[in-house]
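Scroll down for the structure; my scribbles are underneath it.
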Protein chains: 2
Amino acid sequence: MTTTIIRGKYVLCKVEDNDKVKIISDGAVVQQDGKIIDVGNYDSLNARYVADEEIGSDRYIVLPGLVNAHQHGNGISHIQLGVLDDNLELWLIRRMGRRPVDTYLETMLCAMRLIESGVTTTMHCHSPRGPNHEQEVAHIIRGYGESGIRVAFALGIRNQNQLAYSDEQRFLDSLPPSVAARGRKYLASATFPEEEYFTLFDRLHNQYNKTSSRVKIFHGPLGPTWCSDDLLIRIKQSALNYRTGIHSHMLETMYQEMYSLKQYGKTYVEHLHEIGFLGPETSFAHCVWVSDADIEILAESGTTVCHNPSSNLRTRSGIAPINRMLEKGVNVALGTDNLSLNDNDDILQELRLCENLQHLPGLGKPSPSPGQLFRMVTTNGAKATMFLDDIGTIEKGKKADLVLINLENITQPYLDPEMDIEDAFLAKGSSSDVDTVLIDGEIVLRDGKHTKINKAEVISQLQESLTEAQKSGDVERRLFSRELCPYVYQFYQKWHPPERVPLYQYNRI
Amino acid sequence: MTTTIIRGKYVLCKVEDNDKVKIISDGAVVQQDGKIIDVGNYDSLNARYVADEEIGSDRYIVLPGLVNAHQHGNGISHIQLGVLDDNLELWLIRRMGRRPVDTYLETMLCAMRLIESGVTTTMHCHSPRGPNHEQEVAHIIRGYGESGIRVAFALGIRNQNQLAYSDEQRFLDSLPPSVAARGRKYLASATFPEEEYFTLFDRLHNQYNKTSSRVKIFHGPLGPTWCSDDLLIRIKQSALNYRTGIHSHMLETMYQEMYSLKQYGKTYVEHLHEIGFLGPETSFAHCVWVSDADIEILAESGTTVCHNPSSNLRTRSGIAPINRMLEKGVNVALGTDNLSLNDNDDILQELRLCENLQHLPGLGKPSPSPGQLFRMVTTNGAKATMFLDDIGTIEKGKKADLVLINLENITQPYLDPEMDIEDAFLAKGSSSDVDTVLIDGEIVLRDGKHTKINKAEVISQLQESLTEAQKSGDVERRLFSRELCPYVYQFYQKWHPPERVPLYQYNRI
């Protein structure tokens with residue numbers, strides 16, 4: 001049995017039901033074999049327990065491990081792979097042209113970056129590339145595994161609208177024949193056949209969901225825009241059978257909103273509610289263009305929203321109406337989508353951006369409280385990833401997923417004694433303050449350095465792999481993606497989103 | 001004569017008239033005695049000049065020194081001094097209660113932080129505290145001086161509406177007598193008498209504006225909300241006489257917009273235009289609640305807008321309509337207002353936030369170009385601070401204000417060879433990448449360490465000074481500020497800003 005005392009000037013235990021953040025000053029956490037067995041005053045715990053090791057000091061805040069509830073495992077950012085920010089619909093086309101990267105190495109690099117930000121649990125939204133889906137998935141799960149991070153892996157699939165929001169044949173027919181030919185070739189290679197998907201899902205479910213405490217297998221239909229009703233219904237059935245989760249995209253852009261109204265005469269949220277797709281095991285990224293009625297449906301059905309404030313700006317999608325979601329009781333989690341403001345997956349800065357974007361002008365306007373913000377990156381993320389009550393707070397019986405934040409940047413040269421530490425932390429904390437991270441009581445980051453993986457080695461292997469000449473298929477795909485962009489642009493230009501007054505309208509509400 | 005070669009993988013020289021960013025690959029800059037004497041290919045310059053020192057390598061980008069065009073010299077942030085973010089009108093009251101800090105030390109600390117972000121020139125918007133204004137100003141200018149940074153010091157004054165946007169007597173009369181009495185006492189101590197202001201301005205002007213290449217003295221009326229027309233007109237006259245600048249706040253919040261309409265039946269911009277206050281020597285921070293007509297006036301009069309995206313969110317002011325300003329040809333500069341998103345005055349992140357907040361949903365919507373963004377933190381800031389053609393680009397004859405940015409974070413593990421370096425830099429660069437900074441050819445930061453000031457010593461002196469017990473007057477002022485907050489809240493609650501549809505309206509356009 002290994003016993004550790006983790007000590008901090010402050011231990012940020014949880015958000016109480018009354019929305020207050022519970023903090024123990026001069027506190028400590030005792031973990032034994034991966035579980036928290038005691039929390040309290042450092043001196044009294046130190047007198048009571050004989051520890052194999054003491055971690056931390058009065059120069060740290062101890063937090064529960066954080067949850068990044070939506071990202072794609074991109075170890076090398078899209079910018080670095082040559083994909084410039086743009087409207088989502090064009091960005092998705094540009095993204096087709098990015099150079100493929102070794103999946104195993106890039107997942108490890110991504111996982112390390114998440115851990116450096118204090119993240120101990122993440123939702124991996126899988127964007128299938130193929131052609132060997134099984135091997136690809138194995139590499140991703142192995143990459144996360146080596147880092148030690150917990151992951152809800154949402155196996156991705158899409159079966160429609162892959163180039164534009166339109167019947168694929170009709171869209172291809174609208175293109176010049178040579179472009180259409182390349183489009184058909186691309187689609188043939190990009191497709192993940194439905195039967196293969198469900199077979200792989202079953203196998204992964206059996207392999208992980210019953211035995212692993214760090215890997216959960218979720219369904220990951222990419223969203224109602226890209227998945228037929230039949231596929232979504234079959235996925236829902238499987239998720240219910242297996243008691244596992246579903247993670248998807250939802251109403252990210254105004255074009256998706258328009259397409260939803262065109263397809264169904266109602267919003268995607270209303271439609272998916274009608275076909276029984278929503279529920280506490282379901283989580284949706286983005287949700288920028290939801291209506292008030294949608295928000296009520298999401299709240300009542302217990303569906304989680306995984307909010308991505310930076311990504312929504314970078315892809316010109318807008319600002320999600322988080323104040324309204326909180327008011328209506330939606331479970332809001334937070335994810336960086338590997339498109340965070342500084343392109344570095346800093347979940348603490350993402351939380352701060354989330355807060356600030358919800359600061360509407362005018363006295364007395366709602367704004368997320370510190371308690372609501374901390375919940376987003378802890379317990380609300382735990383619900384989304386279905387690690388549920390195992391993680392998200394510092395309490396007896398929970399997994400010992402803990403983060404030590406160096407206080408120097410927050411308290412030096414001075415911190416007014418009347419300023420609450422949670423407010424100061426929310427205003428100033430960032431990845432660069434994360435010193436030590438434990439998962440299941442195991443130290444995975446110490447003094448900002450990874451203990452389980454040699455990061456320099458991973459970077460060097462990635463660099464090595466990227467010095468090789470690009471494969472001709474990849475070069476061709478990039479050319480096709482460039483060629484296609486103007487046609488996709490023209491396609492959506494004909495859509496004429498409703499003129500809504502005033503100019504700075506970031507969402508539908 | 002000292003000659004230095006400054007070398008980079010990329011030298012980002014300037015933004016061309018066609019809006020393209022001019023970059024020299026494998027480039028170098030030659031400076032002699034503080035002036036740039038040559039720019040070009042490294043190998044050919046290296047063959048041509050015998051340098052005393054070579055700085056940089058192919059692991060850097062070389063930029064012109066950046067301009068932070070609006071900040072207040074706060075070395076210790078408001079959060080750290082106990083002032084929580086809030087609506088501007090309440091924040092100003094909360095701010096009255098902050099603990100005073102040694103002006104000289106905090107200015108040095110602030111200047112160092114700006115330099116660490118690549119800033120070589122700044123607009124200091126002076127918020128007079130008194131009672132000894134002359135000494136206070138001397139300390140500030142000395143603090144900047146020791147760091148080496150260029151500063152346009154805008155001497156601050158206000159003579160109305162200091163507690164709320166209302167006749168001061170009437171507002172005081174509306175308060176309970178005990179609160180009103182403390183208010184009168186505060187106002188008596190806070191006032192900077194007009195004659196004293198102009199006497200000090202004349203003295204400072206004579207001391208600096210004719211001789212110093214690093215200090216310019218500007219007028220700094222705090223804004224039309226806080227300054228009477230008579231004061232503004234007298235200031236404008238003085239600025240024209242002395243051929244110097246004016247820096248002020250403008251239409252930061254919707255309450256200022258409402259007050260302007262109440263006071264004048266028109267916007268402040270229209271009113272100030274009528275009294276002849278605008279012009280190329282005038283710059284305004286914020287400008288969130290300007291109208292389309294205001295923007296045209298600002299453009300036509302050559303008035304600069306110093307944009308503060310983070311601050312505008314943190315004080316719940318909104319998002320300034322920068323796209324429209326750029327479209328109309330307004331000179332837009334950028335400042336952190338010591339209220340940047342991460343509370344660290346990172347001008348590169350501020351620029352990125354500026355860009356992203358202007359990403360309106362919908363294909364084909366305008367968005368600032370890389371050229372427009374670089375101009376904001378270089379030549380446009382040079383206009384605002386009136387260092388004009390001395391700084392802002394890397395060209396023969398300019399001051400050798402240069403910044404070396406470490407490329408590692410931007411290009412490692414990989415950067416697609418087809419990604420433009422200016423795009424990658426805008427997406428990823430931040431203060432932590434700034435390695436070396438030169439001002440007038442002098443190295444003020446090398447390997448991220450200050451050469452002119454012992455930073456640890458400054459921090460330690462500040463810490464020392466803040467261990468002293470607070471003065472009773474300061475404790476009293478904080479109590480008064482807390483006591484006053486609910487009355488100020490009630491005061492504005494009666495204002496009923498117009499309900500504008502939809503909910504997420506961040507500005508008037």
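Residue numbers start at 1 in each chain; chains themselves are named A, B, ... in the order of the structure tokens; ligands are numbered from 1 in the order shown.
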**Report entry** Contact residues (chain A, partner chain B, 6 Å, only C-alpha atoms) as a ChimeraX atom specification
**Finding:** /A:80-82,313,316-318,342-343,356,359-361,413,415-416,419,428,459,463,502-503,509
Requested in this report: Step one, run DSSP on the backbone; step two, keep only residues of range 277-486 of chain A assigned to helix (DSSP H, G or I); then write them as a VMD selection string.
Outcome: chain A and resid 292 to 301 309 to 314 322 to 328 347 to 357 370 to 376 379 to 385 388 to 390 408 to 411 421 to 428 431 to 433 455 to 467 472 to 486
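Pairwise distance (CA of Glu194 in chain A, CA of Gly335 in chain A) equals 27.6 Å.
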Give me the residues within 6 Å of range 389-396 of chain B as a PDB file with C-alpha atoms, in the first residue's frame, counting only C-alpha atoms and dropping any in the same chain fewer than 2 places off.
ATOM      1  CA  CYS B  13       9.866  44.466 -41.820  1.00  0.00           C
ATOM      2  CA  LYS B  14       6.538  46.229 -42.279  1.00  0.00           C
ATOM      3  CA  ILE B  36      18.750  50.967 -38.447  1.00  0.00           C
ATOM      4  CA  ILE B  37      21.291  51.437 -41.204  1.00  0.00           C
ATOM      5  CA  ASP B  38      20.568  48.395 -43.331  1.00  0.00           C
ATOM      6  CA  PRO B  64       9.783  45.945 -35.085  1.00  0.00           C
ATOM      7  CA  THR B 378       3.228  48.913 -34.813  1.00  0.00           C
ATOM      8  CA  THR B 379       2.614  51.894 -37.095  1.00  0.00           C
ATOM      9  CA  PHE B 387       6.616  58.636 -32.218  1.00  0.00           C
ATOM     10  CA  LYS B 398      14.277  54.130 -38.180  1.00  0.00           C
ATOM     11  CA  LYS B 399      15.123  53.746 -34.502  1.00  0.00           C
TER      12      LYS B 399
END
Report task. Write out as a ChimeraX atom specification each polymer residue whose atoms come within 10 Å of Arg375 in chain B, counting only C-alpha atoms; drop sequence neighbours fewer than 6 positions from it. Result -> /B:14-16,19,21,66-67,331-334,369,381-382,392-393
Write the selection just made, keeping all heavy atoms, as a compact mmCIF listing (two decimals), in the first residue's frame?
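Done, and the output landed in part_22.txt:
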# COMPACT_ATOMS: atom_id res chain seq x y z
N LYS B 14 7.61 45.23 -42.30
CA LYS B 14 6.54 46.23 -42.28
C LYS B 14 5.32 45.68 -43.00
O LYS B 14 5.38 44.62 -43.64
CB LYS B 14 7.00 47.51 -42.96
CG LYS B 14 7.35 47.31 -44.43
CD LYS B 14 7.83 48.56 -45.11
CE LYS B 14 6.75 49.60 -45.32
NZ LYS B 14 7.14 50.61 -46.32
N VAL B 15 4.24 46.40 -42.91
CA VAL B 15 3.08 46.08 -43.73
C VAL B 15 3.10 47.02 -44.92
O VAL B 15 3.17 48.25 -44.76
CB VAL B 15 1.77 46.24 -42.93
CG1 VAL B 15 0.58 45.85 -43.78
CG2 VAL B 15 1.82 45.42 -41.64
N GLU B 16 3.08 46.45 -46.10
CA GLU B 16 3.12 47.26 -47.32
C GLU B 16 1.78 47.95 -47.54
O GLU B 16 0.77 47.60 -46.94
CB GLU B 16 3.42 46.37 -48.54
CG GLU B 16 4.59 45.44 -48.39
CD GLU B 16 5.88 46.04 -48.93
OE1 GLU B 16 5.93 47.27 -49.11
OE2 GLU B 16 6.83 45.28 -49.17
N ASP B 19 -1.25 46.00 -48.08
CA ASP B 19 -1.71 45.21 -46.93
C ASP B 19 -0.92 43.91 -46.75
O ASP B 19 -1.19 43.14 -45.84
CB ASP B 19 -3.21 44.91 -47.06
CG ASP B 19 -3.86 44.68 -45.71
OD1 ASP B 19 -3.46 45.36 -44.75
OD2 ASP B 19 -4.74 43.82 -45.61
N VAL B 21 2.29 41.66 -45.66
CA VAL B 21 3.35 41.77 -44.67
C VAL B 21 4.67 41.46 -45.36
O VAL B 21 4.83 40.40 -45.95
CB VAL B 21 3.09 40.79 -43.51
CG1 VAL B 21 4.19 40.91 -42.47
CG2 VAL B 21 1.71 41.04 -42.88
N LEU B 66 7.02 46.58 -30.57
CA LEU B 66 5.56 46.73 -30.58
C LEU B 66 5.12 47.90 -29.71
O LEU B 66 5.88 48.39 -28.87
CB LEU B 66 4.92 45.42 -30.10
CG LEU B 66 5.37 44.16 -30.85
CD1 LEU B 66 4.73 42.91 -30.25
CD2 LEU B 66 5.06 44.26 -32.33
N VAL B 67 3.89 48.34 -29.95
CA VAL B 67 3.34 49.48 -29.21
C VAL B 67 2.11 49.02 -28.43
O VAL B 67 1.18 48.46 -29.01
CB VAL B 67 2.93 50.62 -30.16
CG1 VAL B 67 2.43 51.83 -29.36
CG2 VAL B 67 4.10 51.03 -31.06
N ASN B 331 -7.72 54.87 -37.79
CA ASN B 331 -6.42 54.38 -37.30
C ASN B 331 -6.64 53.66 -35.98
O ASN B 331 -6.89 54.28 -34.95
CB ASN B 331 -5.47 55.57 -37.10
CG ASN B 331 -4.06 55.12 -36.75
OD1 ASN B 331 -3.44 54.37 -37.51
ND2 ASN B 331 -3.57 55.55 -35.60
N VAL B 332 -6.59 52.32 -36.02
CA VAL B 332 -6.85 51.51 -34.82
C VAL B 332 -5.54 50.99 -34.25
O VAL B 332 -4.79 50.28 -34.93
CB VAL B 332 -7.78 50.31 -35.14
CG1 VAL B 332 -8.00 49.45 -33.90
CG2 VAL B 332 -9.12 50.79 -35.70
N ALA B 333 -5.26 51.37 -33.00
CA ALA B 333 -4.10 50.83 -32.28
C ALA B 333 -4.62 49.88 -31.20
O ALA B 333 -5.84 49.68 -31.07
CB ALA B 333 -3.30 51.97 -31.67
N LEU B 334 -3.71 49.28 -30.45
CA LEU B 334 -4.13 48.26 -29.48
C LEU B 334 -3.45 48.49 -28.14
O LEU B 334 -2.26 48.80 -28.08
CB LEU B 334 -3.74 46.88 -30.02
CG LEU B 334 -4.36 45.69 -29.30
CD1 LEU B 334 -5.81 45.48 -29.74
CD2 LEU B 334 -3.56 44.41 -29.56
N SER B 369 -7.28 41.59 -41.35
CA SER B 369 -6.24 40.82 -42.06
C SER B 369 -4.95 40.84 -41.23
O SER B 369 -4.78 41.69 -40.35
CB SER B 369 -5.97 41.47 -43.41
OG SER B 369 -5.35 42.73 -43.21
N GLY B 381 0.03 52.30 -33.64
CA GLY B 381 0.40 52.71 -32.28
C GLY B 381 1.42 53.83 -32.31
O GLY B 381 1.43 54.71 -31.43
N ALA B 382 2.29 53.81 -33.33
CA ALA B 382 3.28 54.88 -33.46
C ALA B 382 2.59 56.22 -33.71
O ALA B 382 3.01 57.26 -33.19
CB ALA B 382 4.25 54.56 -34.61
N GLY B 392 8.15 51.61 -35.57
CA GLY B 392 7.01 50.88 -36.11
C GLY B 392 7.31 49.98 -37.30
O GLY B 392 6.51 49.11 -37.63
N THR B 393 8.44 50.21 -37.97
CA THR B 393 8.81 49.32 -39.07
C THR B 393 10.32 49.07 -38.99
O THR B 393 11.04 49.77 -38.27
CB THR B 393 8.50 49.93 -40.46
OG1 THR B 393 9.31 51.09 -40.64
CG2 THR B 393 7.04 50.30 -40.60
Hey, what's within 6 Å of range 219-230 of chain B if we count only C-alpha atoms and toss same-chain stuff fewer than 2 positions away? As a compact mmCIF listing (two decimals) with N, CA and C atoms, in the first residue's frame, please?
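So the final result, stored in result.txt, reads:
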# COMPACT_ATOMS: atom_id res chain seq x y z
N ALA B 154 0.46 60.48 -20.77
CA ALA B 154 -0.70 61.36 -20.89
C ALA B 154 -1.14 61.78 -19.48
N LEU B 155 -0.81 63.01 -19.13
CA LEU B 155 -1.09 63.53 -17.79
C LEU B 155 -2.60 63.60 -17.55
N GLY B 156 -3.04 62.89 -16.52
CA GLY B 156 -4.48 62.72 -16.30
C GLY B 156 -5.14 63.83 -15.51
N ILE B 157 -6.37 64.11 -15.87
CA ILE B 157 -7.20 65.03 -15.07
C ILE B 157 -8.67 64.73 -15.31
N ARG B 158 -9.48 64.95 -14.30
CA ARG B 158 -10.94 64.89 -14.44
C ARG B 158 -11.52 65.93 -13.51
N ASN B 159 -12.65 66.49 -13.85
CA ASN B 159 -13.23 67.51 -12.98
C ASN B 159 -14.75 67.38 -12.81
N GLN B 160 -15.29 66.21 -13.12
CA GLN B 160 -16.74 66.01 -12.89
C GLN B 160 -17.09 64.53 -12.83
N ASN B 161 -18.28 64.23 -12.33
CA ASN B 161 -18.85 62.86 -12.38
C ASN B 161 -17.91 61.80 -11.80
N LEU B 232 -11.82 70.56 -21.64
CA LEU B 232 -11.41 69.89 -22.88
C LEU B 232 -10.93 70.90 -23.93
N ILE B 233 -11.64 72.03 -24.00
CA ILE B 233 -11.27 73.05 -24.99
C ILE B 233 -9.91 73.67 -24.65
N ILE B 246 -3.08 64.17 -27.31
CA ILE B 246 -4.12 64.05 -26.29
C ILE B 246 -4.58 62.60 -26.29
N HIS B 247 -4.66 62.04 -25.11
CA HIS B 247 -5.16 60.66 -25.00
C HIS B 247 -6.27 60.63 -23.97
N SER B 248 -7.33 59.92 -24.28
CA SER B 248 -8.53 59.99 -23.45
C SER B 248 -9.33 58.70 -23.56
N HIS B 249 -10.34 58.54 -22.72
CA HIS B 249 -11.28 57.43 -22.84
C HIS B 249 -12.50 57.90 -23.63
Query raised in the report: Residues at most 12 Å from Thr451 in chain B, counting only C-alpha atoms, excluding those fewer than 6 positions away in the same chain, as a ChimeraX atom specification?
Result: /B:112,115-116,146-148,436-439,442-445
Requested in this report: Write down as a list of chain:residue names the residues of range 277-377 of chain B whose backbone DSSP state falls under strand (DSSP E).
Outcome: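 For range 277-377 of chain B, the strand (DSSP E) set is B:Thr282, B:Ser283, B:Phe284, B:Ala285, B:His286, B:Thr304, B:Val305, B:Cys306, B:His307, B:Asn331, B:Val332, B:Ala333, B:Leu334.
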If you keep N, CA, C and O atoms, can you produce a file of those selected residues as a PDB file, in the first residue's frame?
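Listed below is the output, again_6.pdb:
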ATOM      1  N   THR B 282      -5.136  63.253 -31.453  1.00  0.00           N
ATOM      2  CA  THR B 282      -6.035  62.760 -30.415  1.00  0.00           C
ATOM      3  C   THR B 282      -6.242  61.257 -30.556  1.00  0.00           C
ATOM      4  O   THR B 282      -6.415  60.748 -31.660  1.00  0.00           O
ATOM      5  N   SER B 283      -6.214  60.548 -29.425  1.00  0.00           N
ATOM      6  CA  SER B 283      -6.500  59.112 -29.448  1.00  0.00           C
ATOM      7  C   SER B 283      -7.439  58.778 -28.299  1.00  0.00           C
ATOM      8  O   SER B 283      -7.373  59.381 -27.229  1.00  0.00           O
ATOM      9  N   PHE B 284      -8.316  57.827 -28.580  1.00  0.00           N
ATOM     10  CA  PHE B 284      -9.342  57.434 -27.605  1.00  0.00           C
ATOM     11  C   PHE B 284      -9.251  55.943 -27.307  1.00  0.00           C
ATOM     12  O   PHE B 284      -9.288  55.116 -28.233  1.00  0.00           O
ATOM     13  N   ALA B 285      -9.206  55.600 -26.028  1.00  0.00           N
ATOM     14  CA  ALA B 285      -9.308  54.194 -25.650  1.00  0.00           C
ATOM     15  C   ALA B 285     -10.765  53.745 -25.776  1.00  0.00           C
ATOM     16  O   ALA B 285     -11.689  54.548 -25.722  1.00  0.00           O
ATOM     17  N   HIS B 286     -10.957  52.440 -25.961  1.00  0.00           N
ATOM     18  CA  HIS B 286     -12.247  51.741 -25.887  1.00  0.00           C
ATOM     19  C   HIS B 286     -13.171  51.954 -27.089  1.00  0.00           C
ATOM     20  O   HIS B 286     -13.248  51.123 -27.960  1.00  0.00           O
ATOM     21  N   THR B 304      -7.305  58.529 -33.538  1.00  0.00           N
ATOM     22  CA  THR B 304      -6.959  57.123 -33.325  1.00  0.00           C
ATOM     23  C   THR B 304      -7.882  56.484 -32.296  1.00  0.00           C
ATOM     24  O   THR B 304      -8.248  57.112 -31.302  1.00  0.00           O
ATOM     25  N   VAL B 305      -8.245  55.236 -32.532  1.00  0.00           N
ATOM     26  CA  VAL B 305      -8.919  54.414 -31.528  1.00  0.00           C
ATOM     27  C   VAL B 305      -7.898  53.431 -30.958  1.00  0.00           C
ATOM     28  O   VAL B 305      -7.268  52.678 -31.706  1.00  0.00           O
ATOM     29  N   CYS B 306      -7.718  53.457 -29.630  1.00  0.00           N
ATOM     30  CA  CYS B 306      -6.837  52.493 -28.961  1.00  0.00           C
ATOM     31  C   CYS B 306      -7.737  51.400 -28.387  1.00  0.00           C
ATOM     32  O   CYS B 306      -8.371  51.588 -27.353  1.00  0.00           O
ATOM     33  N   HIS B 307      -7.765  50.297 -29.082  1.00  0.00           N
ATOM     34  CA  HIS B 307      -8.718  49.218 -28.803  1.00  0.00           C
ATOM     35  C   HIS B 307      -8.216  48.342 -27.652  1.00  0.00           C
ATOM     36  O   HIS B 307      -7.023  48.062 -27.557  1.00  0.00           O
ATOM     37  N   ASN B 331      -7.719  54.868 -37.791  1.00  0.00           N
ATOM     38  CA  ASN B 331      -6.424  54.384 -37.298  1.00  0.00           C
ATOM     39  C   ASN B 331      -6.642  53.658 -35.981  1.00  0.00           C
ATOM     40  O   ASN B 331      -6.888  54.278 -34.953  1.00  0.00           O
ATOM     41  N   VAL B 332      -6.587  52.318 -36.019  1.00  0.00           N
ATOM     42  CA  VAL B 332      -6.849  51.510 -34.824  1.00  0.00           C
ATOM     43  C   VAL B 332      -5.535  50.990 -34.246  1.00  0.00           C
ATOM     44  O   VAL B 332      -4.794  50.278 -34.928  1.00  0.00           O
ATOM     45  N   ALA B 333      -5.259  51.368 -33.001  1.00  0.00           N
ATOM     46  CA  ALA B 333      -4.104  50.828 -32.276  1.00  0.00           C
ATOM     47  C   ALA B 333      -4.624  49.878 -31.201  1.00  0.00           C
ATOM     48  O   ALA B 333      -5.845  49.679 -31.068  1.00  0.00           O
ATOM     49  N   LEU B 334      -3.708  49.285 -30.449  1.00  0.00           N
ATOM     50  CA  LEU B 334      -4.128  48.264 -29.484  1.00  0.00           C
ATOM     51  C   LEU B 334      -3.449  48.485 -28.137  1.00  0.00           C
ATOM     52  O   LEU B 334      -2.263  48.802 -28.080  1.00  0.00           O
TER      53      LEU B 334
END
